[in-house]
Structure formats: structure tokens, C-alpha cells
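Note sheet for the following structure.
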Amino acid sequence: MCRIADTIEDEPTLDVSRKRDFLGRFAEVVQRQTASDSFAHELAGLLSEATNPGERDLAQNASSVIDFHKKLPIGQRKPIERCIEIMCNGMSEFVETGETGLPTMEHVERYCYYVAGVVGEMITDVLSDYSSAISEQRDELSQLSVRFGRGLQLVNILKDHREDRRRGVTWLPRRILNTRSRDSAEEFETSLERRIMHIVRVAQSDLEAAIRYVELIPVRERGVRAFLVITIGLAVLTLRRINSNPGFRRGDDVKISRRQVYATVATTPVAIRSNVALKWIFDRLKPGLVATSETL
């Protein structure tokens, strides 16, 4: 369901007005669970070849997805509906973003909340409904959930920024905080590479919070822990490559290999057995960040 919203946001042939209309209608369809057939048919008919076949197929079958959603327990259904409503409203706020990017890092973090942080909140609520043991950790999990989602999204923003720019949009900030200034509120425009390295540092801090999130999940919930750890592991490996090559020209330059993907999956059963093992592996995978003049 989140991917359907993302498909609307990314479709290049839809203008700003059309995107806002479809995002609003999708949130309403999910909330009211009505008129899903007409929504799916109209959306699918407007998607171009720029949207991949899997996403076009998903849009065409959106009504089936929504029908399945109706059958979920209310404790899972409501968090998903809240997530979709916040996501669609937030995406509508940012649909005019172009190739000049977002004004400041604060705007980037706000965007990341709408498209990923709210997903972290939703997953926390769904897992808490599923497991009473996880529910006991709900308050602490909730405090980390937004950063978990934001960390993953920041890695995606970095990895895809060249391709995004070619299609006329970028989610990088034009300015970052000047930590050398006596006025902590002062921001300045700086080079692309320095902006990338600033985001790398924020993303790494958020992924450390994501590891703490997993540590709160009971060890006996191996399936849940594995699902979360694989996601974090792939993000950390990608961030490591970006950190070593911040001036990369193509997304493929920082794409992790199949061997690394297989190794991550193979290592996961070991990593999830204990929090000590999880932290040990993460500390060895995370980037060895190089200081710039803005962080000295």
C-alpha cells in the first residue's frame, strides 16, 4: 500500500495537481475502503513506461490489496491506515520539489518522516499487536522507530540522487548546518560532496538507533529480528560504499554486490541470536567516517 503511494509520487507524467488528487483519493479509499476499483483502473491507465511493470501491475490490482487489508485485525489495520493518510498528505506537500532540492536538512528530515519515519511507527504498532512481549517494549521502540525509517530513507536518497536528478528532482538539501559558527542556527550552501558526507553521518547515527530498535525485540522472535536486520545490513553496506566514494557518478558505483547480499542473508541467523553478536557485526560493517572541516 505504501508502494502504491510511492508510485503516484514518482510517476513523471502526472503533474502536481494530478499527483495531489490521486494521493488524496488513495488515502480516502484506504480509510473508507470504497470505490477502490475505479481508483485502481484510473491510476493504472495513466502510468507510463517510466514506472516499472511491477508497480503498474500493483496499481492495476490496488483494489485486491485493499480488499485483503479489510480482512486484517483492527489492531493492524488502523496503524496501516494512519500511515497511509500521513504519507499521502506529506507527499502532497513535497510534490513540487525539483532539481534544486530541498532548502535545508530540516526539510529533508521532514520529508523522510512522511515517506519512511511514519512506516517505522506503523511497523512498531503492528508488531506490538502481534506480540505481547514486543508490546511491553512499545514505548522504547516508538522512540526509535522514526529514526529507523529515516536512516533507511537517507541511504536511498544518497544512493539514488544521481538518477533522481536526471529525472528532474533531488531530495538533497541546498544548505547544511554550519557547526563552526557561533550562531548554531546559521546555515550555508556548500559543495555536493560535503552535503553528501553530512547526510552519511546523520544516516549512520540513525542506523545505530535502528540496531538499538532490533535489540529491544525479544531474541525468540527470530523471524521479526531477521526481517529487520537484513534491511539494516543492506543499508549499512550501501552507506559504507557511499562513504568511501562520495563523488560517485552513477548509482551502480555504490551498489552492493550479489555476494554482499548473500553474505548479509547468510550472516543474519548468527546476528539475531544475541544482541552482543548483533552489535559486534554492525560495528564491523559500519563506515569508518572521515572527518571534514565541517565536523572538526
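In the C-alpha cells, chains take letters A, B, ... by order of appearance, with residues numbered from 1 within each chain and ligands from 1 in the order shown.
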
Practice item. May I have all residues of segment 6-243 of chain A that DSSP, computed from the backbone, assigns to helix (DSSP H, G or I), given as JSON, numbers by chain? Key: {"A": [6, 7, 8, 9, 10, 16, 17, 18, 19, 20, 21, 22, 23, 24, 25, 26, 27, 28, 29, 30, 31, 32, 36, 37, 38, 39, 40, 41, 42, 43, 44, 45, 46, 53, 54, 55, 56, 57, 58, 59, 60, 62, 63, 64, 65, 66, 67, 68, 69, 70, 74, 75, 76, 77, 78, 79, 80, 81, 82, 83, 84, 85, 86, 87, 88, 89, 90, 91, 92, 93, 94, 105, 106, 107, 108, 109, 110, 111, 112, 113, 114, 115, 116, 117, 118, 119, 120, 121, 122, 123, 124, 125, 126, 127, 128, 129, 130, 132, 133, 134, 135, 138, 139, 140, 141, 142, 143, 144, 145, 146, 147, 148, 149, 150, 151, 152, 153, 154, 155, 156, 157, 158, 159, 160, 161, 162, 163, 164, 165, 166, 192, 193, 194, 195, 196, 197, 198, 199, 200, 201, 202, 203, 204, 205, 206, 207, 208, 209, 210, 211, 212, 213, 214, 215, 222, 223, 224, 225, 226, 227, 228, 229, 230, 231, 232, 233, 234, 235, 236, 237, 238, 239, 240, 241, 242, 243]}

Check your understanding: Leaving out segment 271-273 of chain A and any residue of its chain fewer than 2 positions from it, which residues lie within 9 Å of it when counting only C-alpha atoms, given as number ranges by chain?
Key -> A: 214-215, 219-220, 222, 225-226, 229, 267-269, 275-282

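Across A:Val108, A:Ala44, A:Leu102, A:Val115, the tightest approach to Glu85 of chain A is made by A:Val115 when counting only C-alpha atoms.
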
Study note, to complete from the structure: Of A:Lys286, A:Arg175, A:His41, A:Lys159, the one sitting nearest Ala62 of chain A when using only C-alpha atoms is A:His41

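Put simply, atom CA of Asp206 of chain A is 6.0 Å away from atom CA of Phe148 of chain A.
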
Exercise for review: Identify, on the basis of only C-alpha atoms, every residue whose closest approach to Lys78 of chain A does not exceed 12 Å; exclude the query and any residue fewer than 4 positions from it along the same chain; express the result as a PyMOL selection string.
Suggested key: chain A and resi 30-32+69-74+82-85+121-123+125-126+129

Check your understanding: What lies within 7 Å of Met197 of chain A using only C-alpha atoms, ignoring chain neighbours under 4 positions off, as a ChimeraX atom specification?
Key -> /A:193,201,243,246

Practice item. Please give the complete set of residues from segment 30-265 of chain A that DSSP, run on the backbone, assigns to strand (DSSP E), formatted as JSON, numbers by chain. Key: {"A": [175, 176, 177, 187, 188, 189]}

Output N, CA and C atoms for every residue in the selection just made, as a PDB file, in the first residue's frame.
ATOM      1  N   ARG A 175      21.380  23.550   1.695  1.00  0.00           N
ATOM      2  CA  ARG A 175      22.223  24.111   2.752  1.00  0.00           C
ATOM      3  C   ARG A 175      22.299  23.124   3.905  1.00  0.00           C
ATOM      4  N   ILE A 176      23.403  23.165   4.617  1.00  0.00           N
ATOM      5  CA  ILE A 176      23.546  22.363   5.815  1.00  0.00           C
ATOM      6  C   ILE A 176      23.990  23.235   6.972  1.00  0.00           C
ATOM      7  N   LEU A 177      23.817  22.736   8.172  1.00  0.00           N
ATOM      8  CA  LEU A 177      24.152  23.498   9.367  1.00  0.00           C
ATOM      9  C   LEU A 177      25.648  23.741   9.443  1.00  0.00           C
ATOM     10  N   GLU A 187      23.105  28.577   8.600  1.00  0.00           N
ATOM     11  CA  GLU A 187      23.302  27.528   7.618  1.00  0.00           C
ATOM     12  C   GLU A 187      23.980  28.116   6.400  1.00  0.00           C
ATOM     13  N   PHE A 188      24.655  27.280   5.627  1.00  0.00           N
ATOM     14  CA  PHE A 188      25.367  27.786   4.473  1.00  0.00           C
ATOM     15  C   PHE A 188      25.295  26.788   3.336  1.00  0.00           C
ATOM     16  N   GLU A 189      25.407  27.331   2.113  1.00  0.00           N
ATOM     17  CA  GLU A 189      25.439  26.458   0.947  1.00  0.00           C
ATOM     18  C   GLU A 189      26.850  25.911   0.806  1.00  0.00           C
TER      19      GLU A 189
END

Revision key, fill the gap. Ser17 of chain A proximity check over A:Ser92, A:Thr104, A:Ser64, A:Thr231, using only C-alpha atoms: winner is A:Ser92

Review point. Neighbours of Phe94 of chain A within 10 Å (only C-alpha atoms; same-chain residues fewer than 6 positions away dropped), as a PyMOL selection string?
Key: chain A and resi 9+16+20+102+107+110-111+114+171

Just C-alpha atoms for this one: save the residues we selected as a short mmCIF file (atom, residue, chain, number, x, y, z; two decimals), in the first residue's frame.
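Contents of the output file result.cif:
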data_model
loop_
_atom_site.label_atom_id
_atom_site.label_comp_id
_atom_site.auth_asym_id
_atom_site.auth_seq_id
_atom_site.Cartn_x
_atom_site.Cartn_y
_atom_site.Cartn_z
CA GLU A 9 4.69 10.31 -6.26
CA VAL A 16 1.48 18.36 -9.44
CA ARG A 20 -2.13 15.57 -5.18
CA LEU A 102 15.09 20.94 -0.54
CA HIS A 107 13.17 19.87 5.24
CA ARG A 110 10.54 16.27 7.45
CA TYR A 111 10.21 14.59 4.05
CA TYR A 114 6.41 11.32 5.75
CA TRP A 171 15.95 15.23 -2.14
#

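Checking A:Ala203, A:Ser274, A:Arg194, A:Ala235 one by one against Gly247 of chain A, counting only C-alpha atoms, you find the shortest gap at A:Arg194.
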
**Study point:** For segment 141-146 of chain A: contacts at 6 Å, only C-alpha atoms, fewer than 5 positions along chain excluded, given as a list of chain:residue names
**Key:** A:Gly117, A:Gly120, A:Glu121, A:Tyr213

With C-alpha atoms retained, write the just-selected residues as a PDB file, in the first residue's frame.
ATOM      1  CA  GLY A 117       9.561   7.540   9.591  1.00  0.00           C
ATOM      2  CA  GLY A 120       8.645   2.844  11.374  1.00  0.00           C
ATOM      3  CA  GLU A 121       5.786   3.956  13.619  1.00  0.00           C
ATOM      4  CA  TYR A 213      15.456  -0.940  17.982  1.00  0.00           C
TER       5      TYR A 213
END

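You can rank A:Val200, A:Leu192, A:Ser135, A:Arg165 by their closest distance to Leu152 of chain A using only C-alpha atoms, and at the top of that list sits A:Val200.
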
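Counting only C-alpha atoms, the residue from A:Ala263, A:Ile66, A:Ile80, A:Gln137 that sits nearest to Thr34 of chain A is A:Ile66.
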
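Atom to atom, atom CA of Val254 of chain A and atom CA of Leu239 of chain A stand 8.3 Å apart.
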